[in-house]
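> Submitted below is the structure of interest, expressed as structure tokens.
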Amino acid sequence: MKIMIVVGARPNFMKAAPVVFAIHDHNASVAALPGVSQTDSAEQIQLVLVHTGQHYDEAMSGSFFSDLGLPKPDVHLEVGSGSHAAQTAEIMRRFEAVILEKKPDLVMVFGDVNSTVACALVTSKIVLDSSGKRPLIAHVEAGLRSFDRAMPEEINRVITDHLSDLLFVTEESGKENLCREGIKPEKIHFVGNTMIDSLRASEEKAGKSAILDQFGLRGASNGSVKRYALLTLHRPSNVDDRETFLSILEGLDELAGSCPILFSAHPRTRKRIAEFGLERFFQAGNEQSGNETGIRLLDPLGYFDFLCLMKHAALVVTDSGGIQEETTCLKVPCVTVRENTERPVTVTCGTNVIAGTNSENIRRAVKDQLSGKKQGRVPEKWDGQAAGRIVQTIVQEFRESEPSADSSATISRGASVSDAG
């Protein structure tokens with residue numbers, strides 16, 4: 001069985017790494033069976049790791065591979081940046097040649113970035129032999145919906161889900177959304193959240209990060225952590241519109257006056273700050289600072305450093321879906337500056353509140369969260385074992401699909417494992 005795992009952007013790396021490790025664990029278990037060699041078992045999984053290069057610089061890509069322990073990609077498409085159309089088209093053009101050469105049995109994509117939908121589209125239309133065989137498509141983090149088609153990610157999610165053969169969901173809302181859209185229940189598998197797998201596996205190393213000392217966030221006398229907040233903004237709807245960006249920053253003025261806000265800024269966001277003349281809201285902050293208040297503008301951080309800052313923050317303000325999940329898992333108060341979320345479990349079960357982008361609503365949400373009124377809990381199956389369930393499900397599906405040596409790649413749907421666990 002040959003599985004091709006496709007990653008392209010920073011969030012994909014945290015979601016894919018546990019699956020890579022689960023495949024290695026599976027192969028080791030198979031090889032340890034009596035009388036089975038490493039090379040002759042039919043249940044060994046051959047892994048091909050493809051990086052599209054959607055995020056391509058060291059801060060957004062290379063350091064995350066290193067931090068997460070991911071192997072060097074077998075294939076790097078080196079696509080780079082561009083408009084949605086140009087980037088998606090270039091990924092499709094380059095990925096087609098790779099899939100025709102490698103001929104995987106299954107292509108696995110993650111999340112909702114352009115790489116996700118581009119590679120799913122190519123796989124859905126590819127023909128590998130005269131019988132019309134194509135690889136199966138597996139979508140990890142399927143079924144999430146913001147119900148806002150103005151979000152490019154929402155388009156990517158919906159298209160990818162309707163092309164996929166195996167849909168791995170992180171929360172119950174994902175199952176409900178997919179069934180409502182007419183996707184057969186036997187295709188849907190509630191396995192948990194691989195991003196939380198990465199978080200749980202990395203907590204110890206993150207705890208050894210020196211980032212708190214670097215930024216002067218430990219008390220000199222007893223080493224306790226000073227009060228600070230963490231901010232991330234990257235969505236075009238927030239940072240590409242000056243009035244919206246300004247409204248968010250004004251909504252954080254009271255918080256910035258009471259404690260430092262550490263802002264790990266995407267390169268695009270830094271560009272917009274300069275273009276919109278918003279520099280007055282920020283101060284440089286990549287090293288220890290004597291300033292006890294204000295928004296400190298940081299370069300993008302590595303995974304362990306960012307996880308350490310998130311874990312010890314009094315509050316996180318974000319427009320990132322993944323950070324909504326991570327703060328819920330860490331039980332850190334989170335304010336989401338968006339009008340909606342595709343991850344409702346972080347609100348109904350976790351520590352997240354949706355504030356929108358209105359200044360006064362943001363101020364109110366910040367005050368409410370800092371009051372400690374909202375007590376969250378960790379959602380079902382966010383236990384660090386999601387990747388193992390994914391690999392187990394795939395192996396079982398291939399067992400059921402190969403009753404004879406000449407069987408096609410069409411999955412047998414005789415039994416549902418929609419609650420793999």
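Naming scheme: A, B, ... for chains in displayed order of the structure tokens; residues 1 onward per chain; ligands 1 onward as shown.
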Let's see if you can do this: from backbone DSSP, list all strand (DSSP E) residues in segment 2-104 of chain A, as number ranges by chain.
A: 2-7, 46-51, 75-76
> Got a sec: who's within 7 Å of segment 294-303 of chain A, counting only C-alpha atoms, leaving out chain neighbours fewer than 6 positions off, as a compact mmCIF listing (two decimals) with C-alpha atoms, in the first residue's frame?

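Saved the output as around_6.txt:
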# COMPACT_ATOMS: atom_id res chain seq x y z
CA ALA A 59 10.08 30.71 9.23
CA SER A 63 11.66 25.34 11.01
CA PHE A 64 8.33 23.53 11.44
CA ASP A 67 10.56 21.15 15.20
CA ALA A 256 -2.53 46.75 25.38
CA GLY A 257 -2.63 49.39 28.11
CA CYS A 259 -0.20 44.18 29.68
CA PRO A 260 2.12 43.44 26.75
CA ILE A 261 0.51 41.84 23.70
CA LEU A 262 2.90 39.65 21.71
CA PHE A 263 2.00 39.72 18.03
CA SER A 264 3.65 36.99 15.95
CA ALA A 265 3.03 38.51 12.52
CA HIS A 266 2.77 36.80 9.16
CA PHE A 281 0.03 50.67 17.31
CA PHE A 282 3.20 48.57 17.48
CA GLN A 283 6.67 48.40 18.93
CA ALA A 284 9.55 46.11 18.00
CA GLY A 285 9.69 43.16 20.37
CA ASN A 286 11.93 40.31 19.24
> Using only C-alpha atoms for the distances, tell me which of A:His312, A:Lys187, A:Arg157, A:Ile126 is nearest to Gly207 of chain A.
A:His312
> Mind checking DSSP for segment 108-301 of chain A and telling me the helix (DSSP H, G or I) residues as a PyMOL selection string?
chain A and resi 114-125+152-163+172-180+185-187+194-207+211-214+236-239+242-251+253-258+267-275+279-281
> With a distance cut-off of 9 Å and only C-alpha atoms, select the neighbouring residues of segment 353-365 of chain A, excluding the residue or stretch itself and same-chain residues fewer than 5 positions from it, and output the selection as a ChimeraX atom specification.
/A:238,244-255,333-341,346-347,370,374
> Between A:Val345, A:Val395, A:Ala387, A:Leu212, which has the minimum distance to Ser224 of chain A (counting only C-alpha atoms)?
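That would be A:Leu212, the residue with the smallest distance to Ser224 of chain A.
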> Rank nothing, just name the residue among A:Gly8, A:Val332, A:Asp112, A:Val378 nearest to Leu77 of chain A, using only C-alpha atoms.
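Of A:Gly8, A:Val332, A:Asp112, A:Val378, the one nearest Leu77 of chain A, counting only C-alpha atoms, is A:Gly8.
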> So what do you get for atom CA of Thr170 of chain A versus atom CA of Met195 of chain A, distance-wise?
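Result for atom CA of Thr170 of chain A versus atom CA of Met195 of chain A: 9.6 Å, one decimal.
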> Near segment 135-138 of chain A, counting only C-alpha atoms, which residues have an atom at most 7 Å away, once you skip same-chain residues fewer than 4 positions from it, shown as a list of chain:residue names?
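After dropping sequence-adjacent residues, the list is A:Pro104, A:Asp105, A:Leu106, A:Val107, A:Met108, A:Val109, A:Ala120, A:Thr123, A:Ser164, A:Asp165, A:Leu166, A:Leu167.
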> Write to file, as a PDB file, in the first residue's frame, the residues of the selection just made, with N, CA and C atoms.

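File part38.pdb, as written:
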ATOM      1  N   PRO A 104       0.400   6.371  -6.353  1.00  0.00           N
ATOM      2  CA  PRO A 104      -0.008   5.959  -5.005  1.00  0.00           C
ATOM      3  C   PRO A 104      -1.360   5.260  -5.024  1.00  0.00           C
ATOM      4  N   ASP A 105      -1.627   4.499  -3.969  1.00  0.00           N
ATOM      5  CA  ASP A 105      -2.948   3.905  -3.777  1.00  0.00           C
ATOM      6  C   ASP A 105      -3.904   4.888  -3.120  1.00  0.00           C
ATOM      7  N   LEU A 106      -3.341   5.821  -2.352  1.00  0.00           N
ATOM      8  CA  LEU A 106      -4.167   6.786  -1.629  1.00  0.00           C
ATOM      9  C   LEU A 106      -3.412   8.099  -1.513  1.00  0.00           C
ATOM     10  N   VAL A 107      -4.111   9.202  -1.730  1.00  0.00           N
ATOM     11  CA  VAL A 107      -3.561  10.541  -1.531  1.00  0.00           C
ATOM     12  C   VAL A 107      -4.286  11.169  -0.349  1.00  0.00           C
ATOM     13  N   MET A 108      -3.500  11.626   0.631  1.00  0.00           N
ATOM     14  CA  MET A 108      -4.065  12.212   1.837  1.00  0.00           C
ATOM     15  C   MET A 108      -3.773  13.704   1.867  1.00  0.00           C
ATOM     16  N   VAL A 109      -4.836  14.511   2.017  1.00  0.00           N
ATOM     17  CA  VAL A 109      -4.698  15.963   2.108  1.00  0.00           C
ATOM     18  C   VAL A 109      -5.268  16.431   3.437  1.00  0.00           C
ATOM     19  N   ALA A 120      -6.464  17.394  -4.392  1.00  0.00           N
ATOM     20  CA  ALA A 120      -7.665  16.563  -4.442  1.00  0.00           C
ATOM     21  C   ALA A 120      -8.274  16.583  -5.836  1.00  0.00           C
ATOM     22  N   THR A 123      -6.139  14.403  -8.187  1.00  0.00           N
ATOM     23  CA  THR A 123      -6.311  12.982  -7.886  1.00  0.00           C
ATOM     24  C   THR A 123      -7.657  12.472  -8.363  1.00  0.00           C
ATOM     25  N   SER A 164     -13.714  13.465  -1.901  1.00  0.00           N
ATOM     26  CA  SER A 164     -12.971  12.492  -1.103  1.00  0.00           C
ATOM     27  C   SER A 164     -13.715  11.180  -0.915  1.00  0.00           C
ATOM     28  N   ASP A 165     -12.932  10.115  -0.756  1.00  0.00           N
ATOM     29  CA  ASP A 165     -13.464   8.773  -0.490  1.00  0.00           C
ATOM     30  C   ASP A 165     -13.498   8.456   1.001  1.00  0.00           C
ATOM     31  N   LEU A 166     -12.543   9.017   1.745  1.00  0.00           N
ATOM     32  CA  LEU A 166     -12.463   8.839   3.195  1.00  0.00           C
ATOM     33  C   LEU A 166     -12.422  10.217   3.821  1.00  0.00           C
ATOM     34  N   LEU A 167     -13.355  10.494   4.731  1.00  0.00           N
ATOM     35  CA  LEU A 167     -13.443  11.810   5.342  1.00  0.00           C
ATOM     36  C   LEU A 167     -13.265  11.672   6.848  1.00  0.00           C
TER      37      LEU A 167
END
> Neighbours of Leu144 of chain A within 7 Å (only C-alpha atoms; same-chain residues fewer than 5 positions away dropped), as a list in words?
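Residues near the query, excluding close chain neighbours: Gly174, Glu342 and Arg343 of chain A.
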> Give me the residues near Gly82 of chain A as a list in words, where near means some atom within 12 Å (using only C-alpha atoms) and where sequence neighbours in that chain fewer than 4 positions away do not count.
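Close residues of Gly82 of chain A: Gly53, Gln54, His55, Ala86, Gln87, Thr88, Ala89, Glu90, Ile91 and Asn114 of chain A.
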> Calculated over only C-alpha atoms, which of the candidates A:Val113, A:Leu330, A:Ala150, A:Val50 has the smallest distance to Ile3 of chain A?
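The answer is A:Val50, which sits nearest to Ile3 of chain A.
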> Enter the distance from atom CA of Pro344 of chain A to atom CA of Arg10 of chain A, in Å, rounded to one decimal.
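That distance, rounded to one decimal, is 22.1 Å.
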> Just want the 9 Å neighbourhood of Glu96 of chain A, counted on only C-alpha atoms, with same-chain residues fewer than 2 positions away dropped. Output as a list of chain:residue names.
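Here the answer would be A:Ile91, A:Met92, A:Arg93, A:Arg94, A:Val98, A:Ile99, A:Leu100, A:Glu101, A:Cys119, A:Val122, A:Thr123, A:Ile126.
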> Keeping C-alpha atoms for every residue in the selection just given, could you write it to a file as a PDB file, in the first residue's frame?

ATOM      1  CA  ILE A  91       0.142  23.170  -7.789  1.00  0.00           C
ATOM      2  CA  MET A  92      -2.186  21.139 -10.025  1.00  0.00           C
ATOM      3  CA  ARG A  93       0.191  21.297 -12.979  1.00  0.00           C
ATOM      4  CA  ARG A  94       3.217  20.153 -10.983  1.00  0.00           C
ATOM      5  CA  VAL A  98       4.232  13.485  -9.476  1.00  0.00           C
ATOM      6  CA  ILE A  99       1.119  11.362  -9.064  1.00  0.00           C
ATOM      7  CA  LEU A 100       1.565   9.802 -12.506  1.00  0.00           C
ATOM      8  CA  GLU A 101       5.142   8.884 -11.630  1.00  0.00           C
ATOM      9  CA  CYS A 119      -4.204  18.010  -5.095  1.00  0.00           C
ATOM     10  CA  VAL A 122      -5.880  16.321  -9.650  1.00  0.00           C
ATOM     11  CA  THR A 123      -6.311  12.982  -7.886  1.00  0.00           C
ATOM     12  CA  ILE A 126      -6.234  11.130 -12.774  1.00  0.00           C
TER      13      ILE A 126
END
> Do you have the atom CA of Ala85 of chain A-atom CA of Gly132 of chain A distance handy?
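Distance between the two atoms: 28.2 Å.
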> With only C-alpha atoms as the atoms that count, which of A:Thr160, A:Arg149, A:Leu233, A:Gly322 lies nearest to Asn12 of chain A?
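Of A:Thr160, A:Arg149, A:Leu233, A:Gly322, the one nearest Asn12 of chain A, counting only C-alpha atoms, is A:Gly322.
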> From the list A:Asp161, A:Asp148, A:Asp319, A:Asp197, which residue is nearest Leu230 of chain A when using only C-alpha atoms?
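Of the candidates, the smallest distance to Leu230 of chain A is held by A:Asp319.
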